[in-house]
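Containing compact mmCIF, C-alpha atoms and all ligand atoms: run27.txt.
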```
# COMPACT_ATOMS: atom_id res chain seq x y z
CA MET A 504 39.46 23.99 11.34
CA THR A 505 39.10 21.86 14.43
CA LYS A 506 42.20 19.81 15.14
CA MET A 507 41.82 16.12 14.39
CA TYR A 508 44.08 13.51 15.99
CA TYR A 509 45.26 10.51 13.99
CA GLN A 510 47.22 7.32 14.64
CA ASN A 511 50.78 8.46 14.02
CA GLU A 512 50.75 11.38 16.49
CA ILE A 513 49.43 9.28 19.39
CA ASN A 514 51.76 7.39 21.71
CA GLU A 515 49.96 4.37 23.11
CA ALA A 516 52.85 3.47 25.44
CA VAL A 517 51.07 5.32 28.31
CA LEU A 518 48.58 2.45 28.39
CA ALA A 519 51.14 -0.34 28.27
CA GLU A 520 51.44 -0.87 32.03
CA LYS A 521 47.77 -0.24 32.74
CA LYS A 522 44.98 -2.70 33.26
CA ILE A 523 41.82 -1.64 31.48
CA ALA A 524 38.51 -2.73 33.05
CA ILE A 525 35.64 -2.70 30.58
CA ILE A 526 32.40 -2.64 32.58
CA GLY A 527 29.55 -4.10 30.52
CA TYR A 528 29.77 -6.30 27.45
CA GLY A 529 26.99 -4.99 25.26
CA SER A 530 27.09 -3.00 22.04
CA GLN A 531 30.10 -0.83 22.94
CA GLY A 532 31.58 -3.11 25.62
CA HIS A 533 32.25 -6.11 23.38
CA ALA A 534 33.85 -3.87 20.75
CA HIS A 535 36.10 -1.90 23.11
CA ALA A 536 37.22 -5.02 25.00
CA GLN A 537 38.07 -7.03 21.89
CA ASN A 538 39.68 -4.15 20.00
CA LEU A 539 41.86 -3.16 22.97
CA LYS A 540 42.90 -6.76 23.49
CA ASP A 541 43.75 -7.17 19.81
CA SER A 542 45.76 -3.93 20.05
CA GLY A 543 47.90 -5.61 22.71
CA PHE A 544 46.49 -4.07 25.89
CA ASN A 545 45.68 -5.74 29.18
CA VAL A 546 41.89 -5.98 29.42
CA VAL A 547 39.50 -7.36 32.03
CA VAL A 548 35.75 -7.36 31.49
CA GLY A 549 33.45 -6.69 34.47
CA VAL A 550 29.84 -7.79 34.10
CA ARG A 551 27.11 -9.47 36.12
CA PRO A 552 26.57 -13.22 35.62
CA GLY A 553 24.39 -13.91 32.60
CA LYS A 554 24.30 -13.71 28.84
CA SER A 555 27.03 -11.18 28.21
CA PHE A 556 29.25 -12.67 30.93
CA ASP A 557 29.16 -15.98 29.06
CA GLN A 558 29.69 -14.27 25.72
CA ALA A 559 32.80 -12.43 26.97
CA LYS A 560 34.22 -15.74 28.22
CA GLU A 561 33.46 -17.40 24.92
CA ASP A 562 35.25 -14.55 23.13
CA GLY A 563 38.38 -15.42 25.10
CA LEU A 564 38.43 -12.46 27.48
CA GLU A 565 39.25 -12.39 31.18
CA VAL A 566 35.86 -11.87 32.88
CA LYS A 567 35.12 -10.92 36.50
CA THR A 568 32.34 -9.33 38.53
CA VAL A 569 31.97 -5.58 38.16
CA ALA A 570 33.45 -4.98 41.63
CA GLU A 571 36.48 -7.21 40.99
CA ALA A 572 37.19 -5.73 37.59
CA ALA A 573 36.86 -2.20 39.01
CA ARG A 574 39.31 -3.12 41.77
CA GLU A 575 41.85 -4.54 39.32
CA GLY A 576 41.52 -1.86 36.70
CA ASP A 577 43.69 1.25 36.52
CA ILE A 578 41.35 2.52 33.84
CA ILE A 579 37.67 1.80 34.39
CA GLN A 580 35.51 2.30 31.33
CA ILE A 581 31.77 2.22 32.14
CA LEU A 582 29.91 0.76 29.17
CA LEU A 583 26.59 -0.01 30.83
CA PRO A 584 23.26 1.45 29.69
CA ASP A 585 23.26 5.11 30.78
CA GLU A 586 20.25 4.70 33.05
CA ARG A 587 21.95 1.85 34.99
CA GLN A 588 25.31 3.52 35.50
CA LYS A 589 24.54 5.54 38.64
CA GLN A 590 23.48 2.56 40.71
CA VAL A 591 26.26 0.22 39.55
CA TYR A 592 28.80 3.01 40.01
CA GLU A 593 27.71 3.72 43.59
CA GLU A 594 27.44 0.10 44.66
CA GLU A 595 30.28 -1.62 42.84
CA ILE A 596 32.68 0.83 41.24
CA ALA A 597 33.10 3.78 43.62
CA PRO A 598 34.19 1.59 46.60
CA ASN A 599 36.94 0.14 44.38
CA LEU A 600 38.34 3.37 42.93
CA GLU A 601 41.86 4.25 43.97
CA PRO A 602 43.57 7.64 43.74
CA GLY A 603 45.19 7.97 40.33
CA ASN A 604 42.74 5.61 38.60
CA ALA A 605 40.90 6.77 35.53
CA LEU A 606 37.12 6.67 35.30
CA MET A 607 35.95 6.56 31.70
CA PHE A 608 32.73 6.88 29.75
CA ALA A 609 31.56 6.63 26.15
CA HIS A 610 28.85 9.23 26.67
CA GLY A 611 28.75 12.18 29.08
CA PHE A 612 25.15 11.78 30.30
CA ASN A 613 25.79 10.76 33.91
CA ILE A 614 28.56 13.26 34.58
CA ASN A 615 26.89 16.12 32.73
CA PHE A 616 23.55 15.70 34.50
CA GLY A 617 25.15 15.18 37.92
CA GLN A 618 24.12 11.53 38.33
CA ILE A 619 27.67 10.33 38.99
CA VAL A 620 29.95 12.51 41.10
CA PRO A 621 33.48 11.07 41.04
CA PRO A 622 36.09 11.78 43.72
CA ALA A 623 38.62 14.53 42.95
CA ASP A 624 41.65 12.24 42.92
CA VAL A 625 40.79 10.23 39.78
CA ASP A 626 41.00 11.16 36.11
CA VAL A 627 37.63 11.41 34.40
CA PHE A 628 37.40 11.41 30.63
CA LEU A 629 35.38 10.03 27.78
CA VAL A 630 36.06 8.44 24.44
CA ALA A 631 32.81 8.28 22.50
CA PRO A 632 32.78 6.48 19.16
CA LYS A 633 30.46 8.19 16.69
CA GLY A 634 28.87 4.92 15.61
CA PRO A 635 27.17 1.78 16.90
CA GLY A 636 29.29 -0.74 18.81
CA HIS A 637 29.02 -3.46 16.21
CA LEU A 638 30.59 -1.16 13.64
CA VAL A 639 33.35 -0.25 16.10
CA ARG A 640 34.27 -3.93 16.10
CA ARG A 641 33.59 -4.65 12.42
CA THR A 642 35.59 -1.70 11.07
CA TYR A 643 38.49 -2.46 13.45
CA VAL A 644 38.71 -6.03 12.12
CA GLN A 645 38.69 -4.63 8.58
CA GLY A 646 41.65 -2.38 9.42
CA ALA A 647 39.50 0.75 9.54
CA GLY A 648 37.77 2.55 12.40
CA VAL A 649 34.83 4.63 13.60
CA PRO A 650 35.74 8.25 14.48
CA ALA A 651 35.45 9.25 18.12
CA LEU A 652 35.12 12.27 20.35
CA PHE A 653 37.22 12.59 23.47
CA ALA A 654 36.83 14.93 26.44
CA ILE A 655 38.60 15.50 29.72
CA TYR A 656 36.39 16.31 32.71
CA GLN A 657 38.99 15.91 35.42
CA ASP A 658 42.77 15.54 35.10
CA ALA A 659 44.05 14.38 38.48
CA THR A 660 47.22 12.69 37.22
CA GLY A 661 48.20 15.08 34.44
CA GLU A 662 47.96 12.11 32.07
CA ALA A 663 44.25 12.14 31.25
CA ARG A 664 44.68 13.53 27.75
CA SER A 665 47.37 11.10 26.66
CA LEU A 666 45.38 8.22 28.16
CA ALA A 667 42.23 9.24 26.29
CA LEU A 668 44.09 9.49 22.99
CA ALA A 669 45.87 6.16 23.54
CA TYR A 670 42.56 4.50 24.38
CA GLY A 671 41.04 5.89 21.18
CA LYS A 672 43.95 4.51 19.23
CA GLY A 673 43.47 1.14 20.94
CA ILE A 674 39.86 0.82 19.81
CA GLY A 675 40.74 1.90 16.26
CA ALA A 676 39.09 5.33 16.44
CA ALA A 677 42.30 7.23 15.64
CA ARG A 678 42.39 5.52 12.23
CA ALA A 679 39.31 7.58 11.35
CA GLY A 680 40.12 10.61 13.49
CA MET A 681 39.56 11.85 17.04
CA LEU A 682 38.18 15.25 17.92
CA GLU A 683 38.35 16.96 21.32
CA THR A 684 35.17 18.17 22.97
CA THR A 685 33.73 18.71 26.46
CA PHE A 686 31.33 16.47 28.40
CA LYS A 687 28.67 19.15 27.97
CA GLU A 688 29.10 19.48 24.22
CA GLU A 689 29.31 15.71 23.65
CA THR A 690 26.22 14.99 25.76
CA GLU A 691 24.04 17.73 24.32
CA THR A 692 24.96 17.17 20.66
CA ASP A 693 24.70 13.39 20.96
CA LEU A 694 21.23 13.57 22.48
CA PHE A 695 20.12 16.17 19.96
CA GLY A 696 21.45 14.21 17.00
CA GLU A 697 19.73 10.98 17.95
CA GLN A 698 16.46 12.68 18.82
CA ALA A 699 16.07 15.22 16.05
CA VAL A 700 17.78 13.59 13.09
CA LEU A 701 19.32 10.13 13.37
CA CYS A 702 16.68 8.11 15.23
CA GLY A 703 13.66 10.26 16.07
CA GLY A 704 13.54 12.46 12.99
CA THR A 705 14.31 9.64 10.57
CA THR A 706 11.88 7.03 11.92
CA GLN A 707 9.07 9.56 11.99
CA LEU A 708 9.82 10.71 8.44
CA VAL A 709 9.90 7.12 7.15
CA LYS A 710 6.73 6.21 9.03
CA TYR A 711 4.75 9.16 7.62
CA GLY A 712 6.07 8.49 4.12
CA PHE A 713 5.02 4.84 4.35
CA GLU A 714 1.58 5.68 5.79
CA THR A 715 0.94 8.34 3.15
CA LEU A 716 1.52 5.86 0.35
CA VAL A 717 -0.43 3.00 1.96
CA GLU A 718 -3.38 5.24 2.87
CA ALA A 719 -3.47 6.39 -0.77
CA GLY A 720 -3.97 2.77 -1.82
CA TYR A 721 -0.46 1.81 -2.92
CA GLN A 722 0.96 -1.65 -2.07
CA PRO A 723 2.61 -1.79 1.39
CA GLU A 724 5.58 -3.82 0.07
CA LEU A 725 6.29 -1.15 -2.51
CA ALA A 726 5.90 1.57 0.13
CA TYR A 727 8.43 -0.24 2.32
CA PHE A 728 11.03 -0.40 -0.45
CA GLU A 729 10.42 3.21 -1.36
CA THR A 730 10.58 4.80 2.09
CA LEU A 731 12.73 2.51 4.24
CA HIS A 732 14.86 0.11 2.23
CA GLU A 733 16.05 2.64 -0.31
CA LEU A 734 16.89 5.19 2.38
CA LYS A 735 20.09 3.32 3.13
CA LEU A 736 21.21 3.51 -0.47
CA ILE A 737 20.63 7.27 -0.51
CA VAL A 738 22.33 7.79 2.85
CA ASP A 739 25.32 5.72 1.71
CA LEU A 740 25.84 8.18 -1.13
CA MET A 741 25.66 11.16 1.25
CA TYR A 742 28.11 9.36 3.56
CA GLU A 743 30.54 8.86 0.70
CA GLY A 744 30.41 12.31 -0.86
CA GLY A 745 27.93 14.60 0.84
CA MET A 746 24.61 15.73 -0.58
CA GLU A 747 26.22 16.68 -3.89
CA THR A 748 27.31 13.09 -4.60
CA MET A 749 23.81 11.84 -3.79
CA ARG A 750 22.25 14.47 -6.07
CA TYR A 751 24.72 13.62 -8.83
CA SER A 752 23.78 9.96 -8.66
CA VAL A 753 20.01 10.31 -8.63
CA SER A 754 18.11 11.44 -11.75
CA ASP A 755 17.68 15.16 -12.46
CA THR A 756 13.97 14.66 -11.85
CA ALA A 757 14.71 13.32 -8.36
CA GLU A 758 17.12 16.19 -7.75
CA TRP A 759 14.50 18.77 -8.85
CA GLY A 760 11.88 17.12 -6.60
CA ASP A 761 14.39 17.26 -3.75
CA TYR A 762 14.76 21.05 -4.18
CA VAL A 763 11.10 21.93 -4.59
CA SER A 764 9.36 19.44 -2.29
CA GLY A 765 11.93 18.86 0.46
CA PRO A 766 11.40 22.29 2.04
CA ARG A 767 7.60 21.83 1.82
CA ILE A 768 7.92 18.71 3.99
CA ILE A 769 10.70 19.80 6.34
CA ASP A 770 10.01 23.53 6.64
CA GLU A 771 11.17 26.26 9.03
CA SER A 772 8.66 25.13 11.66
CA VAL A 773 10.63 21.89 11.98
CA LYS A 774 13.73 23.90 12.82
CA THR A 775 11.78 25.86 15.43
CA ARG A 776 10.79 22.60 17.11
CA MET A 777 14.33 21.26 16.82
CA LYS A 778 15.40 24.30 18.84
CA GLU A 779 12.79 23.44 21.47
CA VAL A 780 14.08 19.88 21.67
CA LEU A 781 17.63 21.22 22.04
CA ALA A 782 16.53 23.59 24.81
CA ASP A 783 14.94 20.67 26.72
CA ILE A 784 18.23 18.78 26.46
CA GLN A 785 20.33 21.76 27.55
CA ASP A 786 18.26 22.68 30.60
CA GLY A 787 18.00 19.07 31.84
CA THR A 788 14.26 18.61 31.14
CA PHE A 789 14.86 15.63 28.87
CA ALA A 790 17.29 13.95 31.32
CA LYS A 791 14.94 14.46 34.27
CA ASP A 792 12.04 12.90 32.38
CA TRP A 793 14.12 9.88 31.24
CA ILE A 794 15.48 9.27 34.74
CA LYS A 795 11.93 9.40 36.15
CA GLU A 796 10.69 7.04 33.41
CA ASN A 797 13.31 4.51 34.54
CA GLU A 798 12.47 4.93 38.21
CA THR A 799 8.84 4.06 37.46
CA ASN A 800 9.70 0.96 35.37
CA ARG A 801 9.29 2.58 31.97
CA PRO A 802 5.50 2.70 31.44
CA ARG A 803 5.65 5.05 28.43
CA TYR A 804 8.82 3.48 27.00
CA ASN A 805 7.14 0.06 26.95
CA GLU A 806 4.02 1.47 25.34
CA TYR A 807 5.99 3.22 22.58
CA LYS A 808 8.07 0.11 21.97
CA LYS A 809 4.98 -2.07 21.60
CA ALA A 810 3.27 0.35 19.24
CA GLY A 811 6.46 0.63 17.18
CA ALA A 812 6.76 -3.15 16.81
CA GLU A 813 3.10 -3.51 15.83
CA HIS A 814 3.24 -0.92 13.04
CA GLN A 815 2.51 -2.29 9.57
CA ILE A 816 5.89 -1.16 8.23
CA GLU A 817 7.60 -3.58 10.64
CA GLN A 818 5.36 -6.51 9.71
CA VAL A 819 5.86 -5.95 5.99
CA GLY A 820 9.57 -5.28 6.45
CA SER A 821 10.33 -8.43 8.40
CA LYS A 822 8.74 -10.59 5.66
CA LEU A 823 10.64 -8.82 2.90
CA ARG A 824 13.96 -9.00 4.73
CA GLU A 825 13.55 -12.77 5.20
CA MET A 826 13.87 -13.01 1.43
CA MET A 827 17.02 -10.87 1.45
CA PRO A 828 19.38 -12.82 3.75
CA PHE A 829 22.33 -11.00 2.15
CA ILE A 830 21.33 -7.87 4.08
CA ASN A 831 22.56 -9.36 7.35
CA GLU A 832 25.46 -11.42 6.10
CA GLY A 833 28.23 -8.98 7.03
CA LYS A 834 26.74 -8.40 10.46
CA LYS A 835 26.54 -12.11 11.33
CA LYS A 836 30.17 -12.68 10.46
CA VAL A 837 31.30 -9.97 12.87
CA VAL A 838 29.09 -10.86 15.81
CA VAL A 839 30.11 -14.52 15.69
CA LYS A 840 33.75 -13.37 15.35
P1 LIG B 901 24.27 -1.91 26.17
O1 LIG B 901 22.83 -1.74 26.52
O2 LIG B 901 24.59 -2.62 24.92
O3 LIG B 901 25.03 -2.61 27.41
C1 LIG B 901 24.54 -3.68 28.01
C2 LIG B 901 25.62 -4.29 28.90
O4 LIG B 901 25.50 -3.77 30.22
C3 LIG B 901 25.44 -5.77 28.95
O5 LIG B 901 26.69 -6.39 29.07
C4 LIG B 901 24.62 -5.93 30.22
O6 LIG B 901 24.74 -7.20 30.80
C5 LIG B 901 25.30 -4.89 31.09
N1 LIG B 901 24.48 -4.50 32.23
C6 LIG B 901 23.26 -3.91 32.22
N2 LIG B 901 22.84 -3.67 33.47
C7 LIG B 901 23.81 -4.12 34.29
C8 LIG B 901 23.96 -4.19 35.69
N3 LIG B 901 22.99 -3.69 36.51
N4 LIG B 901 25.11 -4.72 36.19
C9 LIG B 901 26.06 -5.21 35.39
N5 LIG B 901 25.97 -5.18 34.05
C10 LIG B 901 24.86 -4.67 33.51
O7 LIG B 901 24.98 -0.48 26.26
P2 LIG B 901 25.63 0.34 25.06
O8 LIG B 901 26.86 -0.33 24.61
O9 LIG B 901 24.58 0.70 24.08
O10 LIG B 901 26.01 1.69 25.83
C11 LIG B 901 27.11 1.76 26.69
C12 LIG B 901 27.57 3.22 26.76
O11 LIG B 901 28.08 3.59 25.48
C13 LIG B 901 26.46 4.20 27.08
O12 LIG B 901 27.02 5.25 27.85
C14 LIG B 901 26.05 4.75 25.71
O13 LIG B 901 25.49 6.05 25.73
C15 LIG B 901 27.41 4.77 25.03
N6 LIG B 901 27.36 4.73 23.57
C16 LIG B 901 26.65 3.74 22.96
C17 LIG B 901 26.65 3.64 21.59
C18 LIG B 901 26.05 2.44 20.93
O14 LIG B 901 26.42 2.17 19.80
N7 LIG B 901 25.14 1.68 21.54
C19 LIG B 901 27.32 4.66 20.74
C20 LIG B 901 28.15 5.57 21.48
C21 LIG B 901 28.12 5.62 22.86
P3 LIG B 901 23.58 -8.31 30.66
O15 LIG B 901 23.84 -9.05 29.38
O16 LIG B 901 23.76 -9.15 31.87
O17 LIG B 901 22.26 -7.57 30.64
MG MG B 902 25.32 9.07 19.33
MG MG B 903 23.59 8.50 22.31
```

What does the file become when written as structure tokens?
Ligand code: NDP
Ligand code: MG
Ligand code: MG
Amino acid sequence: MTKMYYQNEINEAVLAEKKIAIIGYGSQGHAHAQNLKDSGFNVVVGVRPGKSFDQAKEDGLEVKTVAEAAREGDIIQILLPDERQKQVYEEEIAPNLEPGNALMFAHGFNINFGQIVPPADVDVFLVAPKGPGHLVRRTYVQGAGVPALFAIYQDATGEARSLALAYGKGIGAARAGMLETTFKEETETDLFGEQAVLCGGTTQLVKYGFETLVEAGYQPELAYFETLHELKLIVDLMYEGGMETMRYSVSDTAEWGDYVSGPRIIDESVKTRMKEVLADIQDGTFAKDWIKENETNRPRYNEYKKAGAEHQIEQVGSKLREMMPFINEGKKKVVVK
């Protein structure tokens, strides 16, 4: 079994004298900054003037420009969108790095694909929560946590590992468990997971399920409940107890349909294409294409986004969710703090 690291075996004292600069105050940034502060650490947020700058101030954090925060920080955690990191790093962070500082990430993209090349005299490591930022904050407040991966790319001080573990404890990840990986493994598996299963695979499956029902003449509202809304309830059961718990809870008819029809829908050819997607990630094809898309102002990204928003499932869904305000209640409470 892979070794998991939990709370009680991690000494957070290594972080006590350090100033932690959180660069960016978005999904992950707001959660890391607030959790670390609530864990008793010295945090400064670095972000450009604007919406998230104001939000960080309102949340009671010390907020500076990216360059100032990078200068003050002993640990500099870059929580900007991956495609913006290279430029901000080169212009505002790199000139303010001192020997012995630690450069941190929550995803290995820029290091793994050679976009950011840090100097040899700083520690480089990542702590990557395996969940969205808002849950990193919400679970922390509830006394729980989102599990995280950690990886050491460069250990200039000899302290990188203990710093990474202490940081994970500070954001609440060690309550759920931390697992050691490499930048390469974290980057490739993260990209594969979101493309093949979590985001890409799931949205496409839901969309085709919805369209199949609507094209056959069934009511769109019913199709929405059947293929999108109820998915969460099924996934919650898998989350709690694996596929067996889900299959125990559904009817035997549903379980039988799962066995006989599931493999007709998701057959071996899907796995073949998953392997192609993985190969594109591993050899850098995906990264190259995404970097180019950003350099040309995202023509395809914007087109896909527009088409996604205009799909009937989104129109129907937004009306139905308006009548179910309870769906977002928990989320609102956390975001407003
Ligand atoms: P977000 O898109 O939520 O971050 C946006 C933040 O970056 C905002 O504060 C924004 O400020 C700021 N920002 C954007 N561009 C600039 C700029 N040029 N200069 C200064 N600040 C800027 O990022 P995420 O939290 O989604 O991702 C951060 C990292 O965490 C990524 O490496 C990602 O892969 C990783 N990660 C993300 C997860 C998630 O749940 N989203 C899960 C696990 C890892 P403004 O308001 O001014 O635009
Ligand atoms: Mg991920
Ligand atoms: Mg990701």

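For ligand MG 902 (chain B), the neighbouring protein, DNA and RNA residues, which are those within 9 Å when only C-alpha atoms and all ligand atoms are counted, are His610, Ala631, Pro632, Lys633, Gly634, Pro635, Glu689, Thr690, Thr692, Asp693, Leu694, Phe695, Gly696, Glu697 and Leu701 of chain A.
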
Atom pair atom CA of A:Arg640 / atom CA of A:Ala534: separation (Å):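 These two atoms are separated by 4.7 Å.
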
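Separating atom CA of A:Pro584 from atom CA of A:Met777 is a distance of 25.3 Å.
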
Surroundings of ligand LIG 901 (chain B) up to 8 Å, based on only C-alpha atoms and all ligand atoms, as a PyMOL selection string: chain A and resi 526-533+549-556+569+581-585+587-588+590-591+608-612+631-637

Out of A:Glu724, A:Glu520, A:Glu586, A:Asp562, which residue has the shortest atom-to-atom distance to ligand MG 903 (chain B) when counting all atoms listed in the file?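 The answer is A:Glu586, which sits nearest to ligand MG 903 (chain B).
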
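When all atoms listed in the file are used to compute distances to A:Lys774, the closest of the residues A:Ala699, A:Met746, A:Leu740, A:Val630 turns out to be A:Ala699.
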
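Nearest residue to A:Ile769 among A:Ala536, A:Gly704, A:Leu638, A:Thr756 is A:Gly704, counting all atoms listed in the file.
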
Taking (45.1, -4.7, 28.5) in the file's own coordinates, collect the residues within 7 Å, counting only C-alpha atoms, and hand them back as JSON, numbers by chain. {"A": [521, 522, 523, 539, 540, 543, 544, 545, 546]}

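For the pair atom CA of A:Ser821 and atom CA of A:Arg803, the interatomic distance is 24.6 Å.
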
Go through A:Glu593, A:Glu729, A:Asp783, A:Glu691 and flag the residue nearest ligand MG 903 (chain B), using all atoms listed in the file for the distances. A:Glu691

Could you give me, as a tab-separated table (two decimals) with C-alpha atoms, in the coordinates of the input, the residues within 7 Å of A:Met507, counting all atoms listed in the file and dropping anything in the same chain fewer than 6 positions from it?
```tsv
chain	number	residue	atom	x	y	z
A	680	GLY	CA	40.12	10.61	13.49
A	681	MET	CA	39.56	11.85	17.04
A	682	LEU	CA	38.18	15.25	17.92
```

Considering all atoms listed in the file, return as a PyMOL selection string whatever protein or nucleic-acid residues lie within 12 Å of A:Glu747, sequence-local ones (same chain, fewer than 5 positions apart) excluded. chain A and resi 737-738+740-742+752-753+758+761

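Considering all atoms listed in the file, the residue among A:Gly703, A:Thr684, A:Thr799, A:Leu716 positioned nearest to ligand MG 903 (chain B) is A:Gly703.
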
Just need the box for stretch 553-558 of chain A, edges along x, y and z, holding every atom the file lists for it with 8 Å tacked onto each side, so centre and edge lengths in Å to one decimal, as JSON.
```
{"center_x": 27.0, "center_y": -13.6, "center_z": 29.2, "size_x": 21.4, "size_y": 20.8, "size_z": 22.9}
```

Since the input has fewer atoms than a full residue there, write stretch 573-580 of chain A out with all heavy atoms, as an mmCIF file, keeping the file's coordinate frame.
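Once written, selection-v5.cif looks like this:
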```cif
data_model
loop_
_atom_site.group_PDB
_atom_site.id
_atom_site.type_symbol
_atom_site.label_atom_id
_atom_site.label_comp_id
_atom_site.auth_asym_id
_atom_site.auth_seq_id
_atom_site.Cartn_x
_atom_site.Cartn_y
_atom_site.Cartn_z
ATOM 1 N N ALA A 573 36.609 -3.600 38.632
ATOM 2 C CA ALA A 573 36.860 -2.200 39.010
ATOM 3 C C ALA A 573 38.055 -2.109 39.962
ATOM 4 O O ALA A 573 38.855 -1.177 39.898
ATOM 5 C CB ALA A 573 35.621 -1.592 39.652
ATOM 6 N N ARG A 574 38.188 -3.105 40.824
ATOM 7 C CA ARG A 574 39.310 -3.120 41.770
ATOM 8 C C ARG A 574 40.621 -3.323 41.029
ATOM 9 O O ARG A 574 41.611 -2.666 41.284
ATOM 10 C CB ARG A 574 39.096 -4.222 42.819
ATOM 11 C CG ARG A 574 40.031 -4.112 44.020
ATOM 12 C CD ARG A 574 39.716 -5.166 45.082
ATOM 13 N NE ARG A 574 38.293 -5.256 45.363
ATOM 14 C CZ ARG A 574 37.574 -6.385 45.312
ATOM 15 N NH1 ARG A 574 38.150 -7.528 45.004
ATOM 16 N NH2 ARG A 574 36.287 -6.373 45.583
ATOM 17 N N GLU A 575 40.615 -4.239 40.070
ATOM 18 C CA GLU A 575 41.850 -4.540 39.320
ATOM 19 C C GLU A 575 42.236 -3.479 38.317
ATOM 20 O O GLU A 575 43.413 -3.309 38.012
ATOM 21 C CB GLU A 575 41.659 -5.860 38.547
ATOM 22 C CG GLU A 575 41.839 -7.070 39.391
ATOM 23 C CD GLU A 575 41.770 -8.342 38.554
ATOM 24 O OE1 GLU A 575 41.996 -8.264 37.322
ATOM 25 O OE2 GLU A 575 41.496 -9.386 39.137
ATOM 26 N N GLY A 576 41.253 -2.791 37.789
ATOM 27 C CA GLY A 576 41.520 -1.860 36.700
ATOM 28 C C GLY A 576 42.191 -0.570 37.145
ATOM 29 O O GLY A 576 41.868 -0.019 38.198
ATOM 30 N N ASP A 577 43.147 -0.099 36.324
ATOM 31 C CA ASP A 577 43.690 1.250 36.520
ATOM 32 C C ASP A 577 42.804 2.234 35.766
ATOM 33 O O ASP A 577 42.630 3.379 36.159
ATOM 34 C CB ASP A 577 45.109 1.340 35.950
ATOM 35 C CG ASP A 577 46.038 0.314 36.590
ATOM 36 O OD1 ASP A 577 46.217 0.396 37.818
ATOM 37 O OD2 ASP A 577 46.554 -0.573 35.863
ATOM 38 N N ILE A 578 42.277 1.738 34.654
ATOM 39 C CA ILE A 578 41.350 2.520 33.840
ATOM 40 C C ILE A 578 40.030 1.776 33.895
ATOM 41 O O ILE A 578 39.987 0.580 33.597
ATOM 42 C CB ILE A 578 41.805 2.519 32.357
ATOM 43 C CG1 ILE A 578 43.292 2.764 32.243
ATOM 44 C CG2 ILE A 578 40.929 3.407 31.493
ATOM 45 C CD1 ILE A 578 43.710 4.105 31.843
ATOM 46 N N ILE A 579 38.973 2.462 34.291
ATOM 47 C CA ILE A 579 37.670 1.800 34.390
ATOM 48 C C ILE A 579 36.698 2.462 33.434
ATOM 49 O O ILE A 579 36.275 3.597 33.649
ATOM 50 C CB ILE A 579 37.151 1.831 35.847
ATOM 51 C CG1 ILE A 579 38.137 1.060 36.736
ATOM 52 C CG2 ILE A 579 35.766 1.214 35.961
ATOM 53 C CD1 ILE A 579 38.645 1.820 37.894
ATOM 54 N N GLN A 580 36.394 1.755 32.371
ATOM 55 C CA GLN A 580 35.510 2.300 31.330
ATOM 56 C C GLN A 580 34.102 1.770 31.550
ATOM 57 O O GLN A 580 33.866 0.556 31.480
ATOM 58 C CB GLN A 580 36.053 1.898 29.949
ATOM 59 C CG GLN A 580 35.106 2.043 28.782
ATOM 60 C CD GLN A 580 34.747 3.477 28.407
ATOM 61 O OE1 GLN A 580 34.142 4.180 29.208
ATOM 62 N NE2 GLN A 580 35.088 3.902 27.196
#
```
